[in-house]
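K.L.:
This one is final.cif, mmCIF, N, CA, C and O atoms.
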```cif
data_final
#
loop_
_atom_site.group_PDB
_atom_site.id
_atom_site.type_symbol
_atom_site.label_atom_id
_atom_site.label_comp_id
_atom_site.auth_asym_id
_atom_site.auth_seq_id
_atom_site.Cartn_x
_atom_site.Cartn_y
_atom_site.Cartn_z
ATOM 1 N N MET M 1 23.327 -24.702 -16.292
ATOM 2 C CA MET M 1 22.582 -24.489 -15.070
ATOM 3 C C MET M 1 21.371 -25.421 -15.074
ATOM 4 O O MET M 1 20.653 -25.517 -16.060
ATOM 5 N N THR M 2 21.155 -26.082 -13.969
ATOM 6 C CA THR M 2 20.019 -27.000 -13.863
ATOM 7 C C THR M 2 18.771 -26.236 -13.429
ATOM 8 O O THR M 2 18.846 -25.099 -12.962
ATOM 9 N N LEU M 3 17.627 -26.885 -13.576
ATOM 10 C CA LEU M 3 16.379 -26.265 -13.143
ATOM 11 C C LEU M 3 16.387 -26.029 -11.634
ATOM 12 O O LEU M 3 15.864 -25.019 -11.151
ATOM 13 N N GLN M 4 16.992 -26.937 -10.891
ATOM 14 C CA GLN M 4 17.085 -26.775 -9.436
ATOM 15 C C GLN M 4 17.894 -25.519 -9.092
ATOM 16 O O GLN M 4 17.526 -24.762 -8.210
ATOM 17 N N GLU M 5 18.999 -25.319 -9.795
ATOM 18 C CA GLU M 5 19.817 -24.126 -9.552
ATOM 19 C C GLU M 5 19.058 -22.858 -9.944
ATOM 20 O O GLU M 5 19.158 -21.839 -9.256
ATOM 21 N N MET M 6 18.297 -22.942 -11.015
ATOM 22 C CA MET M 6 17.496 -21.791 -11.424
ATOM 23 C C MET M 6 16.437 -21.459 -10.376
ATOM 24 O O MET M 6 16.136 -20.285 -10.138
ATOM 25 N N SER M 7 15.887 -22.477 -9.748
ATOM 26 C CA SER M 7 14.861 -22.240 -8.732
ATOM 27 C C SER M 7 15.410 -21.441 -7.562
ATOM 28 O O SER M 7 14.710 -20.594 -6.990
ATOM 29 N N VAL M 8 16.676 -21.667 -7.224
ATOM 30 C CA VAL M 8 17.311 -20.919 -6.135
ATOM 31 C C VAL M 8 17.389 -19.431 -6.510
ATOM 32 O O VAL M 8 17.116 -18.554 -5.690
ATOM 33 N N GLU M 9 17.734 -19.165 -7.763
ATOM 34 C CA GLU M 9 17.810 -17.784 -8.237
ATOM 35 C C GLU M 9 16.429 -17.111 -8.228
ATOM 36 O O GLU M 9 16.293 -15.962 -7.808
ATOM 37 N N TYR M 10 15.425 -17.833 -8.686
ATOM 38 C CA TYR M 10 14.070 -17.278 -8.671
ATOM 39 C C TYR M 10 13.608 -16.989 -7.246
ATOM 40 O O TYR M 10 12.992 -15.965 -6.975
ATOM 41 N N ARG M 11 13.897 -17.906 -6.334
ATOM 42 C CA ARG M 11 13.485 -17.701 -4.943
ATOM 43 C C ARG M 11 14.211 -16.504 -4.327
ATOM 44 O O ARG M 11 13.607 -15.709 -3.605
ATOM 45 N N ALA M 12 15.492 -16.337 -4.646
ATOM 46 C CA ALA M 12 16.246 -15.188 -4.133
ATOM 47 C C ALA M 12 15.670 -13.880 -4.677
ATOM 48 O O ALA M 12 15.524 -12.901 -3.926
ATOM 49 N N GLN M 13 15.322 -13.863 -5.954
ATOM 50 C CA GLN M 13 14.741 -12.659 -6.532
ATOM 51 C C GLN M 13 13.361 -12.375 -5.940
ATOM 52 O O GLN M 13 12.987 -11.218 -5.738
ATOM 53 N N ALA M 14 12.615 -13.424 -5.654
ATOM 54 C CA ALA M 14 11.307 -13.245 -5.022
ATOM 55 C C ALA M 14 11.470 -12.604 -3.644
ATOM 56 O O ALA M 14 10.682 -11.740 -3.263
ATOM 57 N N GLN M 15 12.492 -12.997 -2.910
ATOM 58 C CA GLN M 15 12.733 -12.402 -1.591
ATOM 59 C C GLN M 15 13.111 -10.928 -1.706
ATOM 60 O O GLN M 15 12.669 -10.111 -0.899
ATOM 61 N N VAL M 16 13.903 -10.588 -2.718
ATOM 62 C CA VAL M 16 14.267 -9.182 -2.944
ATOM 63 C C VAL M 16 13.017 -8.362 -3.261
ATOM 64 O O VAL M 16 12.809 -7.274 -2.708
ATOM 65 N N LEU M 17 12.176 -8.901 -4.132
ATOM 66 C CA LEU M 17 10.938 -8.204 -4.485
ATOM 67 C C LEU M 17 10.035 -8.029 -3.273
ATOM 68 O O LEU M 17 9.441 -6.968 -3.072
ATOM 69 N N ARG M 18 9.933 -9.069 -2.456
ATOM 70 C CA ARG M 18 9.078 -8.990 -1.265
ATOM 71 C C ARG M 18 9.589 -7.922 -0.299
ATOM 72 O O ARG M 18 8.801 -7.181 0.291
ATOM 73 N N GLY M 19 10.902 -7.829 -0.151
ATOM 74 C CA GLY M 19 11.474 -6.795 0.705
ATOM 75 C C GLY M 19 11.157 -5.403 0.207
ATOM 76 O O GLY M 19 10.810 -4.508 0.986
ATOM 77 N N ARG M 20 11.244 -5.210 -1.107
ATOM 78 C CA ARG M 20 10.931 -3.896 -1.678
ATOM 79 C C ARG M 20 9.454 -3.574 -1.520
ATOM 80 O O ARG M 20 9.085 -2.430 -1.246
ATOM 81 N N ILE M 21 8.598 -4.561 -1.662
ATOM 82 C CA ILE M 21 7.159 -4.347 -1.470
ATOM 83 C C ILE M 21 6.888 -3.879 -0.051
ATOM 84 O O ILE M 21 6.116 -2.936 0.169
ATOM 85 N N LYS M 22 7.531 -4.500 0.925
ATOM 86 C CA LYS M 22 7.338 -4.095 2.322
ATOM 87 C C LYS M 22 7.812 -2.662 2.547
ATOM 88 O O LYS M 22 7.159 -1.897 3.272
ATOM 89 N N GLU M 23 8.928 -2.280 1.920
ATOM 90 C CA GLU M 23 9.416 -0.903 2.037
ATOM 91 C C GLU M 23 8.409 0.085 1.452
ATOM 92 O O GLU M 23 8.134 1.131 2.054
ATOM 93 N N LEU M 24 7.875 -0.248 0.286
ATOM 94 C CA LEU M 24 6.901 0.642 -0.350
ATOM 95 C C LEU M 24 5.597 0.716 0.440
ATOM 96 O O LEU M 24 4.969 1.778 0.505
ATOM 97 N N GLU M 25 5.192 -0.389 1.048
ATOM 98 C CA GLU M 25 3.979 -0.363 1.880
ATOM 99 C C GLU M 25 4.169 0.550 3.078
ATOM 100 O O GLU M 25 3.256 1.296 3.449
ATOM 101 N N ALA M 26 5.346 0.503 3.686
ATOM 102 C CA ALA M 26 5.632 1.399 4.816
ATOM 103 C C ALA M 26 5.634 2.855 4.353
ATOM 104 O O ALA M 26 5.097 3.738 5.052
ATOM 105 N N ALA M 27 6.210 3.119 3.195
ATOM 106 C CA ALA M 27 6.232 4.480 2.659
ATOM 107 C C ALA M 27 4.819 4.957 2.332
ATOM 108 O O ALA M 27 4.485 6.128 2.557
ATOM 109 N N ARG M 28 3.991 4.063 1.822
ATOM 110 C CA ARG M 28 2.601 4.431 1.513
ATOM 111 C C ARG M 28 1.830 4.786 2.774
ATOM 112 O O ARG M 28 1.075 5.756 2.812
ATOM 113 N N ARG M 29 2.039 4.009 3.831
ATOM 114 C CA ARG M 29 1.363 4.310 5.093
ATOM 115 C C ARG M 29 1.831 5.639 5.675
ATOM 116 O O ARG M 29 1.039 6.360 6.287
ATOM 117 N N ALA M 30 3.092 5.971 5.476
ATOM 118 C CA ALA M 30 3.654 7.207 6.027
ATOM 119 C C ALA M 30 3.315 8.429 5.176
ATOM 120 O O ALA M 30 3.342 9.551 5.685
ATOM 121 N N ALA M 31 2.984 8.218 3.916
ATOM 122 C CA ALA M 31 2.708 9.341 3.019
ATOM 123 C C ALA M 31 1.401 10.026 3.405
ATOM 124 O O ALA M 31 0.410 9.376 3.725
ATOM 125 N N ARG M 32 1.420 11.342 3.362
ATOM 126 C CA ARG M 32 0.219 12.129 3.688
ATOM 127 C C ARG M 32 -0.570 12.504 2.436
ATOM 128 O O ARG M 32 -1.770 12.679 2.486
ATOM 129 N N ASP M 33 0.120 12.626 1.313
ATOM 130 C CA ASP M 33 -0.493 13.053 0.063
ATOM 131 C C ASP M 33 -1.211 11.876 -0.611
ATOM 132 O O ASP M 33 -0.594 10.854 -0.896
ATOM 133 N N PRO M 34 -2.508 11.996 -0.888
ATOM 134 C CA PRO M 34 -3.249 10.901 -1.534
ATOM 135 C C PRO M 34 -2.700 10.526 -2.912
ATOM 136 O O PRO M 34 -2.732 9.358 -3.293
ATOM 137 N N VAL M 35 -2.178 11.515 -3.642
ATOM 138 C CA VAL M 35 -1.617 11.225 -4.966
ATOM 139 C C VAL M 35 -0.367 10.362 -4.809
ATOM 140 O O VAL M 35 -0.168 9.393 -5.554
ATOM 141 N N GLU M 36 0.461 10.700 -3.847
ATOM 142 C CA GLU M 36 1.675 9.918 -3.586
ATOM 143 C C GLU M 36 1.317 8.502 -3.130
ATOM 144 O O GLU M 36 1.945 7.526 -3.548
ATOM 145 N N GLN M 37 0.301 8.386 -2.289
ATOM 146 C CA GLN M 37 -0.151 7.073 -1.834
ATOM 147 C C GLN M 37 -0.609 6.220 -3.022
ATOM 148 O O GLN M 37 -0.306 5.035 -3.094
ATOM 149 N N GLU M 38 -1.322 6.841 -3.955
ATOM 150 C CA GLU M 38 -1.803 6.118 -5.129
ATOM 151 C C GLU M 38 -0.639 5.669 -6.019
ATOM 152 O O GLU M 38 -0.627 4.538 -6.513
ATOM 153 N N LYS M 39 0.347 6.534 -6.199
ATOM 154 C CA LYS M 39 1.523 6.168 -6.996
ATOM 155 C C LYS M 39 2.251 4.981 -6.371
ATOM 156 O O LYS M 39 2.664 4.051 -7.062
ATOM 157 N N LEU M 40 2.401 5.027 -5.058
ATOM 158 C CA LEU M 40 3.069 3.921 -4.367
ATOM 159 C C LEU M 40 2.259 2.637 -4.475
ATOM 160 O O LEU M 40 2.819 1.550 -4.649
ATOM 161 N N GLN M 41 0.930 2.750 -4.403
ATOM 162 C CA GLN M 41 0.079 1.565 -4.503
ATOM 163 C C GLN M 41 0.210 0.920 -5.880
ATOM 164 O O GLN M 41 0.265 -0.311 -5.989
ATOM 165 N N VAL M 42 0.294 1.722 -6.924
ATOM 166 C CA VAL M 42 0.456 1.184 -8.272
ATOM 167 C C VAL M 42 1.786 0.437 -8.380
ATOM 168 O O VAL M 42 1.853 -0.654 -8.956
ATOM 169 N N ARG M 43 2.843 0.998 -7.812
ATOM 170 C CA ARG M 43 4.145 0.317 -7.823
ATOM 171 C C ARG M 43 4.082 -0.983 -7.043
ATOM 172 O O ARG M 43 4.654 -2.001 -7.438
ATOM 173 N N ILE M 44 3.384 -0.973 -5.915
ATOM 174 C CA ILE M 44 3.244 -2.178 -5.093
ATOM 175 C C ILE M 44 2.512 -3.264 -5.879
ATOM 176 O O ILE M 44 2.918 -4.427 -5.872
ATOM 177 N N TRP M 45 1.440 -2.903 -6.569
ATOM 178 C CA TRP M 45 0.690 -3.893 -7.352
ATOM 179 C C TRP M 45 1.569 -4.523 -8.423
ATOM 180 O O TRP M 45 1.528 -5.735 -8.634
ATOM 181 N N ALA M 46 2.364 -3.700 -9.107
ATOM 182 C CA ALA M 46 3.236 -4.220 -10.163
ATOM 183 C C ALA M 46 4.282 -5.176 -9.587
ATOM 184 O O ALA M 46 4.517 -6.260 -10.120
ATOM 185 N N LEU M 47 4.902 -4.768 -8.481
ATOM 186 C CA LEU M 47 5.916 -5.619 -7.858
ATOM 187 C C LEU M 47 5.298 -6.882 -7.271
ATOM 188 O O LEU M 47 5.934 -7.936 -7.274
ATOM 189 N N ASP M 48 4.075 -6.775 -6.788
ATOM 190 C CA ASP M 48 3.408 -7.945 -6.222
ATOM 191 C C ASP M 48 3.184 -9.005 -7.302
ATOM 192 O O ASP M 48 3.356 -10.200 -7.054
ATOM 193 N N THR M 49 2.830 -8.569 -8.492
ATOM 194 C CA THR M 49 2.657 -9.499 -9.606
ATOM 195 C C THR M 49 3.982 -10.188 -9.932
ATOM 196 O O THR M 49 4.032 -11.415 -10.092
ATOM 197 N N LEU M 50 5.047 -9.414 -10.009
ATOM 198 C CA LEU M 50 6.366 -9.991 -10.281
ATOM 199 C C LEU M 50 6.788 -10.949 -9.175
ATOM 200 O O LEU M 50 7.371 -12.006 -9.440
ATOM 201 N N TRP M 51 6.496 -10.591 -7.920
ATOM 202 C CA TRP M 51 6.850 -11.443 -6.779
ATOM 203 C C TRP M 51 6.128 -12.791 -6.869
ATOM 204 O O TRP M 51 6.739 -13.846 -6.708
ATOM 205 N N ARG M 52 4.814 -12.747 -7.145
ATOM 206 C CA ARG M 52 4.053 -13.993 -7.243
ATOM 207 C C ARG M 52 4.560 -14.875 -8.373
ATOM 208 O O ARG M 52 4.675 -16.095 -8.226
ATOM 209 N N GLU M 53 4.862 -14.269 -9.517
ATOM 210 C CA GLU M 53 5.353 -15.046 -10.645
ATOM 211 C C GLU M 53 6.719 -15.664 -10.346
ATOM 212 O O GLU M 53 6.965 -16.828 -10.686
ATOM 213 N N ALA M 54 7.611 -14.910 -9.708
ATOM 214 C CA ALA M 54 8.932 -15.450 -9.360
ATOM 215 C C ALA M 54 8.796 -16.593 -8.360
ATOM 216 O O ALA M 54 9.458 -17.625 -8.489
ATOM 217 N N ARG M 55 7.924 -16.418 -7.389
ATOM 218 C CA ARG M 55 7.693 -17.470 -6.386
ATOM 219 C C ARG M 55 7.121 -18.731 -7.033
ATOM 220 O O ARG M 55 7.571 -19.846 -6.774
ATOM 221 N N ASP M 56 6.132 -18.559 -7.915
ATOM 222 C CA ASP M 56 5.521 -19.707 -8.588
ATOM 223 C C ASP M 56 6.523 -20.425 -9.480
ATOM 224 O O ASP M 56 6.538 -21.657 -9.549
ATOM 225 N N GLN M 57 7.345 -19.656 -10.177
ATOM 226 C CA GLN M 57 8.368 -20.265 -11.031
ATOM 227 C C GLN M 57 9.377 -21.051 -10.201
ATOM 228 O O GLN M 57 9.825 -22.123 -10.604
ATOM 229 N N ALA M 58 9.746 -20.513 -9.045
ATOM 230 C CA ALA M 58 10.691 -21.213 -8.169
ATOM 231 C C ALA M 58 10.130 -22.570 -7.760
ATOM 232 O O ALA M 58 10.832 -23.580 -7.819
ATOM 233 N N VAL M 59 8.873 -22.595 -7.388
ATOM 234 C CA VAL M 59 8.242 -23.856 -6.987
ATOM 235 C C VAL M 59 8.188 -24.820 -8.164
ATOM 236 O O VAL M 59 8.512 -26.004 -8.031
ATOM 237 N N LEU M 60 7.804 -24.324 -9.328
ATOM 238 C CA LEU M 60 7.737 -25.178 -10.509
ATOM 239 C C LEU M 60 9.097 -25.780 -10.831
ATOM 240 O O LEU M 60 9.214 -26.984 -11.073
ATOM 241 N N LEU M 61 10.134 -24.970 -10.801
ATOM 242 C CA LEU M 61 11.470 -25.467 -11.132
ATOM 243 C C LEU M 61 12.015 -26.409 -10.067
ATOM 244 O O LEU M 61 12.709 -27.374 -10.385
ATOM 245 N N GLU M 62 11.708 -26.141 -8.798
ATOM 246 C CA GLU M 62 12.156 -27.029 -7.716
ATOM 247 C C GLU M 62 11.571 -28.423 -7.864
ATOM 248 O O GLU M 62 12.223 -29.417 -7.608
ATOM 249 N N ARG M 63 10.319 -28.492 -8.256
ATOM 250 C CA ARG M 63 9.597 -29.761 -8.226
ATOM 251 C C ARG M 63 9.377 -30.369 -9.601
ATOM 252 O O ARG M 63 8.652 -31.351 -9.731
ATOM 253 N N TYR M 64 9.990 -29.816 -10.624
ATOM 254 C CA TYR M 64 9.725 -30.228 -12.002
ATOM 255 C C TYR M 64 9.938 -31.724 -12.227
ATOM 256 O O TYR M 64 9.152 -32.368 -12.911
ATOM 257 N N TYR M 65 10.983 -32.279 -11.650
ATOM 258 C CA TYR M 65 11.311 -33.681 -11.907
ATOM 259 C C TYR M 65 10.693 -34.655 -10.903
ATOM 260 O O TYR M 65 10.904 -35.851 -11.007
ATOM 261 N N GLU M 66 9.938 -34.180 -9.949
ATOM 262 C CA GLU M 66 9.297 -35.072 -8.983
ATOM 263 C C GLU M 66 8.151 -35.818 -9.654
ATOM 264 O O GLU M 66 7.321 -35.231 -10.333
ATOM 265 N N ARG M 67 8.116 -37.096 -9.416
ATOM 266 C CA ARG M 67 7.002 -37.885 -9.936
ATOM 267 C C ARG M 67 5.739 -37.502 -9.187
ATOM 268 O O ARG M 67 5.748 -37.291 -7.989
ATOM 269 N N GLY M 68 4.672 -37.421 -9.897
ATOM 270 C CA GLY M 68 3.397 -37.130 -9.266
ATOM 271 C C GLY M 68 3.163 -35.668 -8.980
ATOM 272 O O GLY M 68 2.106 -35.311 -8.474
ATOM 273 N N TYR M 69 4.133 -34.825 -9.297
ATOM 274 C CA TYR M 69 3.923 -33.393 -9.056
ATOM 275 C C TYR M 69 2.958 -32.861 -10.096
ATOM 276 O O TYR M 69 3.174 -32.973 -11.292
ATOM 277 N N ARG M 70 1.879 -32.298 -9.617
ATOM 278 C CA ARG M 70 0.888 -31.711 -10.515
ATOM 279 C C ARG M 70 1.329 -30.294 -10.827
ATOM 280 O O ARG M 70 1.338 -29.427 -9.967
ATOM 281 N N ARG M 71 1.687 -30.076 -12.048
ATOM 282 C CA ARG M 71 2.264 -28.790 -12.431
ATOM 283 C C ARG M 71 1.248 -27.668 -12.348
ATOM 284 O O ARG M 71 0.055 -27.873 -12.484
ATOM 285 N N ASN M 72 1.762 -26.480 -12.157
ATOM 286 C CA ASN M 72 0.949 -25.287 -12.138
ATOM 287 C C ASN M 72 0.323 -25.104 -13.517
ATOM 288 O O ASN M 72 1.019 -25.127 -14.525
ATOM 289 N N ALA M 73 -0.961 -24.895 -13.577
ATOM 290 C CA ALA M 73 -1.649 -24.775 -14.854
ATOM 291 C C ALA M 73 -1.246 -23.519 -15.611
ATOM 292 O O ALA M 73 -1.368 -23.463 -16.837
ATOM 293 N N ARG M 74 -0.743 -22.515 -14.922
ATOM 294 C CA ARG M 74 -0.354 -21.263 -15.578
ATOM 295 C C ARG M 74 0.962 -21.362 -16.310
ATOM 296 O O ARG M 74 1.224 -20.619 -17.248
ATOM 297 N N TYR M 75 1.839 -22.258 -15.880
ATOM 298 C CA TYR M 75 3.175 -22.342 -16.452
ATOM 299 C C TYR M 75 3.462 -23.750 -16.960
ATOM 300 O O TYR M 75 3.184 -24.729 -16.301
ATOM 301 N N THR M 76 4.029 -23.815 -18.141
ATOM 302 C CA THR M 76 4.508 -25.085 -18.663
ATOM 303 C C THR M 76 5.901 -24.866 -19.235
ATOM 304 O O THR M 76 6.243 -23.770 -19.669
ATOM 305 N N LEU M 77 6.699 -25.903 -19.200
ATOM 306 C CA LEU M 77 8.058 -25.816 -19.740
ATOM 307 C C LEU M 77 8.166 -26.607 -21.020
ATOM 308 O O LEU M 77 7.519 -27.543 -21.265
#
```
Mind converting the file's structure to structure tokens?
P.N.:
Amino acid sequence: MTLQEMSVEYRAQAQVLRGRIKELEAARRAARDPVEQEKLQVRIWALDTLWREARDQAVLLERYYERGYRRNARYTL
């Protein structure tokens, strides 16, 4: 598998995570119980971190071989 092919997988997973985050945000807004809202918010924060990392990795892998691409300082291969 090439890095370009891997980037497609990372981007697809990022989209799945983003969809789940939106579902949880809607559930949090609909929840009446503050404890339930807090539990949902914690799950959203965790998924948001995973979403950002998957998105950043997708960009890094897509552009890894481009000349002049300034790599993300957080990730190196």
K.L.:
Kindly indicate which residue among M:Ile21, M:Gln13, M:Thr2, M:Arg43 lies nearest to Asp56 of chain M, using only C-alpha atoms for the distances.
P.N.:
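For Asp56 of chain M, the nearest of the candidates is M:Gln13.
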K.L.:
Set the distance at 12 Å and use only C-alpha atoms: which residues neighbour Glu23 of chain M once local chain neighbours fewer than 4 positions away are removed? I'd like the list as a PyMOL selection string.
P.N.:
chain M and resi 16-19+27-30+40-41+43-44+47
K.L.:
Could you please determine the separation between atom N of Gln4 of chain M and atom C of Ala46 of chain M in Å, to one decimal place?
P.N.:
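Computing it gives 25.2 Å between the two atoms.
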K.L.:
Run DSSP on the backbone of this structure and report the residues of segment 20-69 of chain M it assigns to alpha helix (DSSP H), as a ChimeraX atom specification.
P.N.:
/M:20-30,34-63
K.L.:
Report the residues retrieved by the PyMOL selection byres ((chain M and resi 3) around 8) from the displayed file, expressed as a PyMOL selection string.
P.N.:
chain M and resi 1-2+4-10+57-58+60-64
K.L.:
So what do you get for atom CA of Lys39 of chain M versus atom CA of Ala14 of chain M, distance-wise?
P.N.:
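Atom CA of Ala14 of chain M lies 21.8 Å from atom CA of Lys39 of chain M.
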K.L.:
Taking all atoms listed in the file into account, which of M:Gln15, M:Ala31, M:Ala26, M:Tyr65 comes nearest Trp51 of chain M?
P.N.:
M:Gln15
K.L.:
Record the distance separating atom CA of Arg32 of chain M and atom CA of Trp45 of chain M, expressed in Å with one decimal.
P.N.:
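According to the coordinates, atom CA of Arg32 of chain M and atom CA of Trp45 of chain M are separated by 19.5 Å.
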K.L.:
Of the residues M:Glu38, M:Asp48, M:Glu66, M:Asp33, which is the one nearest to Arg20 of chain M, using only C-alpha atoms?
P.N.:
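Among M:Glu38, M:Asp48, M:Glu66, M:Asp33, it is M:Asp48 that comes nearest to Arg20 of chain M.
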